[in-house]
$ cat entry-v4.pdb   # PDB, C-alpha atoms
ATOM      1  CA  MET X   1      69.425 -52.659  34.860
ATOM      2  CA  ASP X   2      71.887 -49.962  33.851
ATOM      3  CA  PRO X   3      71.199 -46.926  36.076
ATOM      4  CA  TYR X   4      71.812 -44.609  33.119
ATOM      5  CA  ARG X   5      69.251 -46.383  30.922
ATOM      6  CA  ASN X   6      66.744 -46.395  33.767
ATOM      7  CA  THR X   7      67.095 -42.667  34.245
ATOM      8  CA  LEU X   8      66.666 -42.083  30.505
ATOM      9  CA  PHE X   9      63.499 -44.174  30.426
ATOM     10  CA  VAL X  10      61.957 -42.229  33.317
ATOM     11  CA  SER X  11      62.850 -38.903  31.673
ATOM     12  CA  LEU X  12      61.184 -39.908  28.413
ATOM     13  CA  ALA X  13      58.056 -41.059  30.240
ATOM     14  CA  ILE X  14      57.795 -37.780  32.128
ATOM     15  CA  THR X  15      58.254 -35.789  28.881
ATOM     16  CA  ALA X  16      55.513 -37.792  27.120
ATOM     17  CA  LEU X  17      53.129 -37.270  30.016
ATOM     18  CA  ALA X  18      53.813 -33.534  30.010
ATOM     19  CA  LEU X  19      53.138 -33.299  26.275
ATOM     20  CA  LEU X  20      49.878 -35.215  26.745
ATOM     21  CA  LEU X  21      48.721 -32.834  29.474
ATOM     22  CA  ILE X  22      49.582 -29.778  27.339
ATOM     23  CA  SER X  23      47.621 -31.233  24.396
ATOM     24  CA  CYS X  24      44.545 -31.901  26.554
ATOM     25  CA  THR X  25      44.678 -28.392  28.001
ATOM     26  CA  ALA X  26      44.890 -26.860  24.519
ATOM     27  CA  ASN X  27      41.943 -28.949  23.341
ATOM     28  CA  ASN X  28      39.892 -27.841  26.316
ATOM     29  CA  GLN X  29      40.734 -24.221  25.595
ATOM     30  CA  ASP X  30      39.715 -24.706  21.949
ATOM     31  CA  ASN X  31      36.410 -26.250  23.033
ATOM     32  CA  LYS X  32      35.727 -23.376  25.414
ATOM     33  CA  SER X  33      36.505 -20.874  22.690
ATOM     34  CA  THR X  34      34.256 -22.644  20.203
ATOM     35  CA  THR X  35      31.350 -22.789  22.644
ATOM     36  CA  ALA X  36      31.604 -19.110  23.560
ATOM     37  CA  THR X  37      31.516 -17.727  20.011
ATOM     38  CA  THR X  38      28.129 -18.820  18.651
ATOM     39  CA  THR X  39      27.387 -17.250  15.243
ATOM     40  CA  VAL X  40      24.124 -15.218  15.065
ATOM     41  CA  THR X  41      22.643 -14.411  11.643
ATOM     42  CA  PRO X  42      21.762 -10.699  11.488
ATOM     43  CA  PRO X  43      18.218  -9.762  10.455
ATOM     44  CA  PRO X  44      17.742  -8.990   6.742
ATOM     45  CA  THR X  45      18.223  -5.395   5.686
ATOM     46  CA  GLN X  46      15.706  -3.771   3.348
ATOM     47  CA  THR X  47      17.150  -1.599   0.610
ATOM     48  CA  LEU X  48      14.510  -0.268  -1.762
ATOM     49  CA  ALA X  49      15.323   0.866  -5.284
ATOM     50  CA  LEU X  50      13.296   2.478  -8.058
ATOM     51  CA  VAL X  51      12.758   0.129 -10.988
ATOM     52  CA  PRO X  52      10.977   0.476 -14.355
ATOM     53  CA  ARG X  53       7.390  -0.615 -14.923
ATOM     54  CA  PRO X  54       7.411  -4.412 -14.440
ATOM     55  CA  GLN X  55       7.485  -6.515 -17.585
ATOM     56  CA  LYS X  56       4.360  -8.423 -16.519
ATOM     57  CA  ILE X  57       2.409  -5.141 -16.546
ATOM     58  CA  ALA X  58       3.928  -4.111 -19.873
ATOM     59  CA  ASP X  59       2.733  -7.457 -21.253
ATOM     60  CA  LEU X  60      -0.765  -6.846 -19.857
ATOM     61  CA  MET X  61      -0.869  -3.457 -21.553
ATOM     62  CA  LYS X  62      -0.020  -5.006 -24.918
ATOM     63  CA  GLY X  63      -3.118  -7.191 -24.687
ATOM     64  CA  ARG X  64      -5.420  -4.330 -23.711
ATOM     65  CA  GLY X  65      -5.416  -2.577 -27.045
ATOM     66  CA  GLU X  66      -5.987   1.180 -26.689
ATOM     67  CA  GLN X  67      -7.559   0.985 -23.210
ATOM     68  CA  ASP X  68      -4.602   2.607 -21.513
ATOM     69  CA  LYS X  69      -4.972   5.646 -23.770
ATOM     70  CA  ALA X  70      -8.604   6.054 -22.710
ATOM     71  CA  MET X  71      -9.907   9.264 -21.118
ATOM     72  CA  PRO X  72     -12.647   7.983 -18.800
ATOM     73  CA  VAL X  73     -14.893  10.600 -17.196
ATOM     74  CA  LEU X  74     -16.842   9.908 -14.025
ATOM     75  CA  LYS X  75     -19.937  11.565 -12.597
ATOM     76  CA  ILE X  76     -21.234  10.894  -9.099
ATOM     77  CA  VAL X  77     -24.984  10.465  -9.455
ATOM     78  CA  SER X  78     -25.431   9.433  -5.821
ATOM     79  CA  PRO X  79     -24.789  10.712  -3.247
ATOM     80  CA  ALA X  80     -25.688  14.145  -4.548
ATOM     81  CA  LYS X  81     -23.784  17.206  -3.353
ATOM     82  CA  SER X  82     -24.722  18.060   0.264
ATOM     83  CA  ALA X  83     -27.191  15.157   0.363
ATOM     84  CA  VAL X  84     -28.522  14.078   3.752
ATOM     85  CA  PHE X  85     -29.071  10.372   4.522
ATOM     86  CA  ASN X  86     -31.342   9.370   7.387
ATOM     87  CA  GLY X  87     -29.730   6.017   8.013
ATOM     88  CA  SER X  88     -26.395   4.224   7.987
ATOM     89  CA  THR X  89     -26.480   2.944   4.384
ATOM     90  CA  VAL X  90     -25.358   5.220   1.555
ATOM     91  CA  ASP X  91     -26.028   4.150  -2.027
ATOM     92  CA  VAL X  92     -23.313   4.989  -4.536
ATOM     93  CA  LYS X  93     -24.172   5.353  -8.209
ATOM     94  CA  LEU X  94     -21.680   6.467 -10.842
ATOM     95  CA  ASP X  95     -21.925   7.372 -14.504
ATOM     96  CA  LEU X  96     -18.985   6.571 -16.785
ATOM     97  CA  SER X  97     -18.433   8.386 -20.079
ATOM     98  CA  GLY X  98     -15.629   9.931 -22.122
ATOM     99  CA  ASP X  99     -13.307   8.468 -24.730
ATOM    100  CA  LEU X 100     -13.199   4.944 -23.274
ATOM    101  CA  LYS X 101     -11.407   3.065 -26.083
ATOM    102  CA  GLY X 102     -12.809  -0.193 -24.716
ATOM    103  CA  TYR X 103     -12.256   0.608 -21.029
ATOM    104  CA  LEU X 104     -14.993  -0.985 -18.923
ATOM    105  CA  PRO X 105     -14.993  -1.827 -15.198
ATOM    106  CA  HIS X 106     -15.569  -5.553 -14.731
ATOM    107  CA  LYS X 107     -14.164  -8.357 -12.566
ATOM    108  CA  ASP X 108     -12.990 -11.476 -14.370
ATOM    109  CA  PRO X 109     -14.498 -14.355 -12.325
ATOM    110  CA  SER X 110     -11.558 -16.621 -13.132
ATOM    111  CA  THR X 111      -8.824 -14.228 -11.934
ATOM    112  CA  GLY X 112     -10.753 -11.941  -9.562
ATOM    113  CA  LYS X 113      -9.168  -8.970 -11.337
ATOM    114  CA  GLY X 114     -10.248  -6.347 -13.836
ATOM    115  CA  ASN X 115     -10.788  -2.649 -14.453
ATOM    116  CA  HIS X 116     -12.583  -0.955 -11.568
ATOM    117  CA  ILE X 117     -13.328   2.318  -9.777
ATOM    118  CA  HIS X 118     -11.512   3.288  -6.583
ATOM    119  CA  VAL X 119     -14.101   4.428  -4.019
ATOM    120  CA  ILE X 120     -12.785   6.272  -0.950
ATOM    121  CA  LEU X 121     -14.857   7.346   2.044
ATOM    122  CA  ASP X 122     -13.207  10.182   3.979
ATOM    123  CA  ASN X 123      -9.526   9.153   4.121
ATOM    124  CA  GLN X 124     -10.001   5.402   4.490
ATOM    125  CA  PRO X 125      -8.338   2.880   2.128
ATOM    126  CA  TYR X 126     -10.235   2.585  -1.139
ATOM    127  CA  ASP X 127     -12.611  -0.185  -2.109
ATOM    128  CA  ALA X 128     -12.817  -1.481  -5.684
ATOM    129  CA  TYR X 129     -16.166  -1.084  -7.496
ATOM    130  CA  TYR X 130     -16.354  -3.366 -10.549
ATOM    131  CA  GLU X 131     -19.895  -3.565 -11.890
ATOM    132  CA  LEU X 132     -21.268  -0.061 -12.471
ATOM    133  CA  ASN X 133     -24.608  -1.413 -13.668
ATOM    134  CA  GLU X 134     -25.158  -2.931 -10.216
ATOM    135  CA  PRO X 135     -25.728  -0.984  -6.965
ATOM    136  CA  PHE X 136     -22.841  -0.298  -4.619
ATOM    137  CA  GLU X 137     -23.497   0.640  -1.001
ATOM    138  CA  LEU X 138     -21.514   1.954   1.926
ATOM    139  CA  ARG X 139     -22.929   0.287   5.009
ATOM    140  CA  ASN X 140     -22.857   1.322   8.637
ATOM    141  CA  VAL X 141     -21.682   4.862   7.911
ATOM    142  CA  ILE X 142     -21.654   6.789  11.191
ATOM    143  CA  ALA X 143     -23.529  10.059  11.704
ATOM    144  CA  GLY X 144     -21.724  13.177  10.557
ATOM    145  CA  LYS X 145     -20.238  14.844   7.511
ATOM    146  CA  HIS X 146     -18.412  12.663   4.989
ATOM    147  CA  THR X 147     -16.421  13.000   1.774
ATOM    148  CA  LEU X 148     -16.563  10.522  -1.105
ATOM    149  CA  ARG X 149     -13.782  10.402  -3.717
ATOM    150  CA  VAL X 150     -13.789   8.224  -6.836
ATOM    151  CA  PHE X 151     -11.520   7.670  -9.851
ATOM    152  CA  PRO X 152     -11.088   4.916 -12.479
ATOM    153  CA  SER X 153      -8.326   2.343 -12.255
ATOM    154  CA  ARG X 154      -6.742  -0.390 -14.304
ATOM    155  CA  SER X 155      -6.692  -4.033 -13.206
ATOM    156  CA  TRP X 156      -3.274  -3.568 -11.506
ATOM    157  CA  HIS X 157      -4.660  -0.506  -9.618
ATOM    158  CA  GLU X 158      -2.886   2.212 -11.597
ATOM    159  CA  ALA X 159      -5.219   5.210 -11.746
ATOM    160  CA  TYR X 160      -6.275   7.032 -14.901
ATOM    161  CA  LYS X 161      -5.153  10.641 -14.481
ATOM    162  CA  ASN X 162      -7.016  12.582 -17.161
ATOM    163  CA  ASP X 163      -9.299  15.563 -16.594
ATOM    164  CA  GLY X 164     -12.744  14.501 -15.423
ATOM    165  CA  ALA X 165     -11.607  11.123 -14.081
ATOM    166  CA  PHE X 166     -11.543  12.231 -10.430
ATOM    167  CA  GLN X 167     -14.761  13.258  -8.665
ATOM    168  CA  MET X 168     -15.521  14.217  -5.087
ATOM    169  CA  VAL X 169     -18.694  14.985  -3.135
ATOM    170  CA  GLU X 170     -19.617  15.796   0.465
ATOM    171  CA  PHE X 171     -22.722  14.450   2.179
ATOM    172  CA  THR X 172     -24.160  14.090   5.657
ATOM    173  CA  VAL X 173     -25.486  11.081   7.539
ATOM    174  CA  LYS X 174     -28.018  11.424  10.350
ATOM    175  CA  GLY X 175     -28.799   8.538  12.653
ATOM    176  CA  GLY X 176     -25.895   6.570  11.241
ATOM    177  CA  GLY X 177     -24.340   3.251  12.214
ATOM    178  CA  ASP X 178     -22.814   2.049  15.443
ATOM    179  CA  ALA X 179     -19.349   3.561  15.793
ATOM    180  CA  ALA X 180     -18.069   0.320  17.361
ATOM    181  CA  LYS X 181     -18.696  -1.665  14.186
ATOM    182  CA  PRO X 182     -17.196  -1.317  10.725
ATOM    183  CA  THR X 183     -18.813   0.205   7.690
ATOM    184  CA  THR X 184     -18.702  -2.327   4.880
ATOM    185  CA  THR X 185     -19.381  -2.687   1.209
ATOM    186  CA  ASN X 186     -22.004  -5.134  -0.062
ATOM    187  CA  THR X 187     -19.322  -7.827  -0.216
ATOM    188  CA  GLY X 188     -18.562  -7.318   3.461
ATOM    189  CA  GLN X 189     -15.147  -5.684   3.128
ATOM    190  CA  THR X 190     -14.364  -3.155   5.831
ATOM    191  CA  MET X 191     -13.899   0.432   4.651
ATOM    192  CA  ALA X 192     -14.268   2.155   7.980
ATOM    193  CA  ASN X 193     -15.116   0.893  11.439
ATOM    194  CA  ASN X 194     -18.435   1.525  13.118
ATOM    195  CA  ASN X 195     -21.421  -0.737  13.708
ATOM    196  CA  SER X 196     -24.380  -1.805  11.683
ATOM    197  CA  SER X 197     -27.399  -3.791  12.729
ATOM    198  CA  ALA X 198     -28.396  -4.293   9.104
ATOM    199  CA  ALA X 199     -27.607  -7.717   7.698
ATOM    200  CA  PRO X 200     -25.077  -7.821   4.824
ATOM    201  CA  LYS X 201     -26.481  -7.999   1.303
ATOM    202  CA  PRO X 202     -24.056 -10.226  -0.572
ATOM    203  CA  ALA X 203     -25.916  -9.716  -3.855
ATOM    204  CA  ARG X 204     -24.746  -6.104  -3.943
ATOM    205  CA  GLU X 205     -21.269  -4.671  -4.132
ATOM    206  CA  GLY X 206     -20.460  -2.625  -1.074
ATOM    207  CA  LYS X 207     -18.540  -2.381   2.153
ATOM    208  CA  ASP X 208     -18.841  -1.895   5.906
ATOM    209  CA  MET X 209     -17.135   1.386   6.629
ATOM    210  CA  ALA X 210     -14.704   2.089   9.462
ATOM    211  CA  SER X 211     -15.598   4.828  11.912
ATOM    212  CA  SER X 212     -14.562   8.135  10.343
ATOM    213  CA  ASN X 213     -15.719  11.625   9.535
ATOM    214  CA  ALA X 214     -14.587  14.084   6.909
ATOM    215  CA  GLY X 215     -11.962  16.613   7.954
ATOM    216  CA  ALA X 216     -12.237  20.299   7.137
ATOM    217  CA  LEU X 217     -11.558  19.583   3.470
ATOM    218  CA  ASP X 218     -11.379  22.540   1.059
ATOM    219  CA  ALA X 219     -12.021  21.443  -2.532
ATOM    220  CA  THR X 220     -10.338  24.620  -3.855
ATOM    221  CA  LYS X 221      -6.982  23.769  -2.234
ATOM    222  CA  PRO X 222      -4.368  21.233  -3.364
ATOM    223  CA  LEU X 223      -5.394  17.687  -2.469
ATOM    224  CA  LEU X 224      -3.375  14.468  -2.457
ATOM    225  CA  THR X 225      -5.438  11.265  -2.585
ATOM    226  CA  TYR X 226      -3.500   8.159  -1.516
ATOM    227  CA  SER X 227      -4.234   5.131  -3.713
ATOM    228  CA  ARG X 228      -1.510   2.452  -3.560
ATOM    229  CA  PRO X 229       0.102   0.478  -1.988
ATOM    230  CA  LYS X 230      -2.607  -1.179   0.071
ATOM    231  CA  GLY X 231      -3.218  -4.505   1.821
ATOM    232  CA  GLU X 232      -1.241  -7.712   1.363
ATOM    233  CA  TYR X 233       1.257  -8.501  -1.384
ATOM    234  CA  LYS X 234       2.089 -12.152  -2.114
ATOM    235  CA  ALA X 235       4.366 -14.130  -4.422
ATOM    236  CA  GLU X 236       5.086 -12.304  -7.703
ATOM    237  CA  ASP X 237       3.043  -9.285  -6.599
ATOM    238  CA  ALA X 238       5.365  -8.768  -3.608
ATOM    239  CA  ASP X 239       8.173  -7.226  -5.631
ATOM    240  CA  PRO X 240       8.198  -4.656  -7.082
ATOM    241  CA  ILE X 241       5.335  -2.711  -5.438
ATOM    242  CA  MET X 242       3.704   0.349  -6.968
ATOM    243  CA  ILE X 243       3.119   3.735  -5.333
ATOM    244  CA  ASP X 244       0.297   5.687  -6.958
ATOM    245  CA  PHE X 245      -1.940   8.624  -6.038
ATOM    246  CA  TRP X 246      -4.356  11.239  -7.379
ATOM    247  CA  LEU X 247      -3.407  14.912  -7.314
ATOM    248  CA  THR X 248      -5.924  17.744  -7.472
ATOM    249  CA  GLY X 249      -5.277  21.493  -7.627
ATOM    250  CA  ALA X 250      -1.490  21.216  -7.779
ATOM    251  CA  LYS X 251       1.340  20.445 -10.201
ATOM    252  CA  LEU X 252       4.565  18.710  -9.296
ATOM    253  CA  ARG X 253       7.992  20.151 -10.113
ATOM    254  CA  GLY X 254       8.600  17.825 -13.024
ATOM    255  CA  ASP X 255       5.243  18.794 -14.533
ATOM    256  CA  GLY X 256       5.908  22.554 -14.389
ATOM    257  CA  GLY X 257       4.634  23.200 -10.865
ATOM    258  CA  GLU X 258       6.163  23.804  -7.449
ATOM    259  CA  TYR X 259       4.916  20.876  -5.361
ATOM    260  CA  ARG X 260       6.494  17.536  -4.488
ATOM    261  CA  VAL X 261       5.178  14.260  -3.084
ATOM    262  CA  ARG X 262       7.320  12.973  -0.237
ATOM    263  CA  TYR X 263       7.235   9.263   0.557
ATOM    264  CA  ILE X 264       8.640   7.479   3.586
ATOM    265  CA  VAL X 265       8.758   3.693   3.905
ATOM    266  CA  ASP X 266       9.045   2.402   7.474
ATOM    267  CA  ASP X 267      11.674   4.591   9.176
ATOM    268  CA  ASP X 268      13.805   5.043   6.084
ATOM    269  CA  ASP X 269      14.960   8.415   4.762
ATOM    270  CA  ALA X 270      12.365  10.555   2.986
ATOM    271  CA  LYS X 271      12.378  10.449  -0.814
ATOM    272  CA  TYR X 272      10.465  12.502  -3.385
ATOM    273  CA  ILE X 273       8.287  12.114  -6.463
ATOM    274  CA  ASP X 274       8.442  15.061  -8.866
ATOM    275  CA  LYS X 275       6.257  13.804 -11.712
ATOM    276  CA  TRP X 276       2.641  12.702 -11.405
ATOM    277  CA  GLU X 277       3.035   9.103 -12.414
ATOM    278  CA  PRO X 278       3.328   5.793 -10.557
ATOM    279  CA  ILE X 279       6.659   4.522  -9.312
ATOM    280  CA  TRP X 280       7.728   0.940  -8.529
ATOM    281  CA  LEU X 281       9.988   0.005  -5.631
ATOM    282  CA  SER X 282      11.946  -3.252  -5.465
ATOM    283  CA  GLY X 283      13.776  -4.847  -2.550
ATOM    284  CA  TRP X 284      10.963  -5.419  -0.031
ATOM    285  CA  ILE X 285      11.507  -7.956   2.733
ATOM    286  CA  ASN X 286       8.833 -10.100   4.381
ATOM    287  CA  GLY X 287       6.668  -8.547   7.054
ATOM    288  CA  LYS X 288       4.622  -5.444   7.769
ATOM    289  CA  HIS X 289       5.631  -2.047   6.392
ATOM    290  CA  SER X 290       4.306   1.483   6.670
ATOM    291  CA  VAL X 291       4.102   3.792   3.652
ATOM    292  CA  ARG X 292       3.479   7.518   4.106
ATOM    293  CA  LEU X 293       2.676   9.978   1.328
ATOM    294  CA  GLU X 294       2.742  13.746   1.871
ATOM    295  CA  LEU X 295       2.124  16.724  -0.399
ATOM    296  CA  ILE X 296       4.964  19.231   0.073
ATOM    297  CA  ASP X 297       5.022  22.907  -0.973
ATOM    298  CA  LYS X 298       7.909  24.885  -2.515
ATOM    299  CA  ASP X 299       9.358  25.535   0.946
ATOM    300  CA  GLY X 300       9.421  21.849   1.813
ATOM    301  CA  LYS X 301       6.478  22.085   4.217
ATOM    302  CA  PRO X 302       3.437  19.753   4.244
ATOM    303  CA  VAL X 303       0.333  21.268   2.638
ATOM    304  CA  ASP X 304      -2.607  21.025   5.041
ATOM    305  CA  ASN X 305      -6.107  20.274   3.787
ATOM    306  CA  GLY X 306      -8.262  18.615   6.399
ATOM    307  CA  GLY X 307      -5.434  16.211   7.258
ATOM    308  CA  TYR X 308      -5.841  14.431   3.913
ATOM    309  CA  ASN X 309      -2.498  15.452   2.387
ATOM    310  CA  THR X 310      -0.505  13.260   4.785
ATOM    311  CA  THR X 311      -1.623   9.634   4.729
ATOM    312  CA  THR X 312       0.002   6.487   6.108
ATOM    313  CA  ARG X 313      -0.999   2.945   5.207
ATOM    314  CA  GLU X 314       0.280  -0.390   6.534
ATOM    315  CA  ILE X 315       0.976  -3.175   4.064
ATOM    316  CA  THR X 316       2.139  -6.776   4.431
ATOM    317  CA  VAL X 317       4.696  -8.482   2.178
ATOM    318  CA  VAL X 318       4.694 -12.289   1.944
ATOM    319  CA  LYS X 319       7.259 -13.819  -0.423
TER     320      LYS X 319
END
$ encode --input "entry-v4.pdb" --output "structure tokens"
Amino acid sequence: MDPYRNTLFVSLAITALALLLISCTANNQDNKSTTATTTVTPPPTQTLALVPRPQKIADLMKGRGEQDKAMPVLKIVSPAKSAVFNGSTVDVKLDLSGDLKGYLPHKDPSTGKGNHIHVILDNQPYDAYYELNEPFELRNVIAGKHTLRVFPSRSWHEAYKNDGAFQMVEFTVKGGGDAAKPTTTNTGQTMANNNSSAAPKPAREGKDMASSNAGALDATKPLLTYSRPKGEYKAEDADPIMIDFWLTGAKLRGDGGEYRVRYIVDDDDAKYIDKWEPIWLSGWINGKHSVRLELIDKDGKPVDNGGYNTTTREITVVK
């Protein structure tokens, strides 16, 4: 064989082998790079925004006639002012009057919804009282001084805010329930946690109450009563979510007063409500959230009244 051709053949073979080795090395480097840079999806970010009253609620209002212009007036018949109960069960009886325009508390058995009264023991979450012609009881209320607050609500839990709608009374329980068990309503829902040896009475509306006592509440001072949000929100009810409250003895800036309601969701920045009306927030993500409402004075300081003017609730959103 020609020595020149032989040398050329060997040179080409060596060059091809070198190119093959370079290609393999590059591929290996690419594989290493690909393996090392795994993409991680960041957790969702919650950005809440104020939105108008939801259309589904506007549609409900159209079918309610003049109910939402009603001026319902409540009277607490029982417990009476400064009443003393020798036992852990407290009967609640209310009288409803005023310009009702068809407003009547009642639960629709097919939907489980309807007009109702918000009943709040001390500063626990409210319970809904639907049938005013039937007894309602707070069970397993612990010994001590307590405060009861009530006000009428629509089926979507927006409170009526006219004069006479909100009522409050203080009473005392002696020999009350076991503080390790909850106080419940007649339907067994927990309102406060203590203990009761009495068997539930499912035929009556009511609730087992959580262990709590009234703070040093002064009825002559401004009072913020937290109403919504509360509990679990699912499907179409999970967005938007309403914030609503009752305000006594104070006017907000937008209503000609000097007070503000500050709200804080989770650890987000504080925001303010300057008119006494519900707001709706959209943009919630799945999971548990905390909502805090505070009554703030003209200097931006929380207004103290037995600890009731700063209230935090935990809610759950399931979409």
$ atom_distance --input "entry-v4.pdb" --atom1 "atom CA of X:Gly300" --atom2 "atom CA of X:Pro278"
21.2 Å
$ resolve_selection --input "entry-v4.pdb" --expression "the PyMOL selection byres ((chain X and resi 284) around 7)" --output "number ranges by chain"
X: 46, 48, 239, 282-283, 285-286
$ resolve_selection --input "entry-v4.pdb" --expression "the PyMOL selection byres ((chain X and resi 117-128) around 6)" --output "number ranges by chain"
X: 116, 129, 146-153, 214
$ resolve_selection --input "entry-v4.pdb" --expression "the PyMOL selection byres ((chain X and resi 236) around 12)" --output "MDAnalysis selection string"
chainID X and resid 54:57 232:235 237:241 282 284 317:319
$ atom_distance --input "entry-v4.pdb" --atom1 "atom CA of X:Arg204" --atom2 "atom CA of X:Pro105"
15.5 Å
$ residues_around --input "entry-v4.pdb" --residues "stretch 76-80 of chain X" --least-positions-apart "5" --cutoff "8 Å" --atoms "all atoms listed in the file" --output "ChimeraX atom specification"
/X:90-95,167-169,171
$ closest_residue --input "entry-v4.pdb" --among "X:Ser110, X:Arg292, X:Gly249, X:Pro229" --to "X:Thr316" --atoms "all atoms listed in the file"
X:Pro229
$ atom_distance --input "entry-v4.pdb" --atom1 "atom CA of X:Arg228" --atom2 "atom CA of X:Ala83"
28.9 Å
$ residues_around --input "entry-v4.pdb" --residues "X:Arg64" --least-positions-apart "4" --cutoff "9 Å" --atoms "only C-alpha atoms" --output "number ranges by chain"
X: 60, 68, 102-103
$ closest_residue --input "entry-v4.pdb" --among "X:Ile142, X:Val265, X:Val51, X:Leu132" --to "X:Met209" --atoms "all atoms listed in the file"
X:Ile142
$ closest_residue --input "entry-v4.pdb" --among "X:Asn305, X:Asn162, X:Asn133, X:Ser290" --to "X:Ala216" --atoms "all atoms listed in the file"
X:Asn305
$ closest_residue --input "entry-v4.pdb" --among "X:Ala250, X:Ile279, X:Leu217, X:Val141" --to "X:Leu50" --atoms "only C-alpha atoms"
X:Ile279
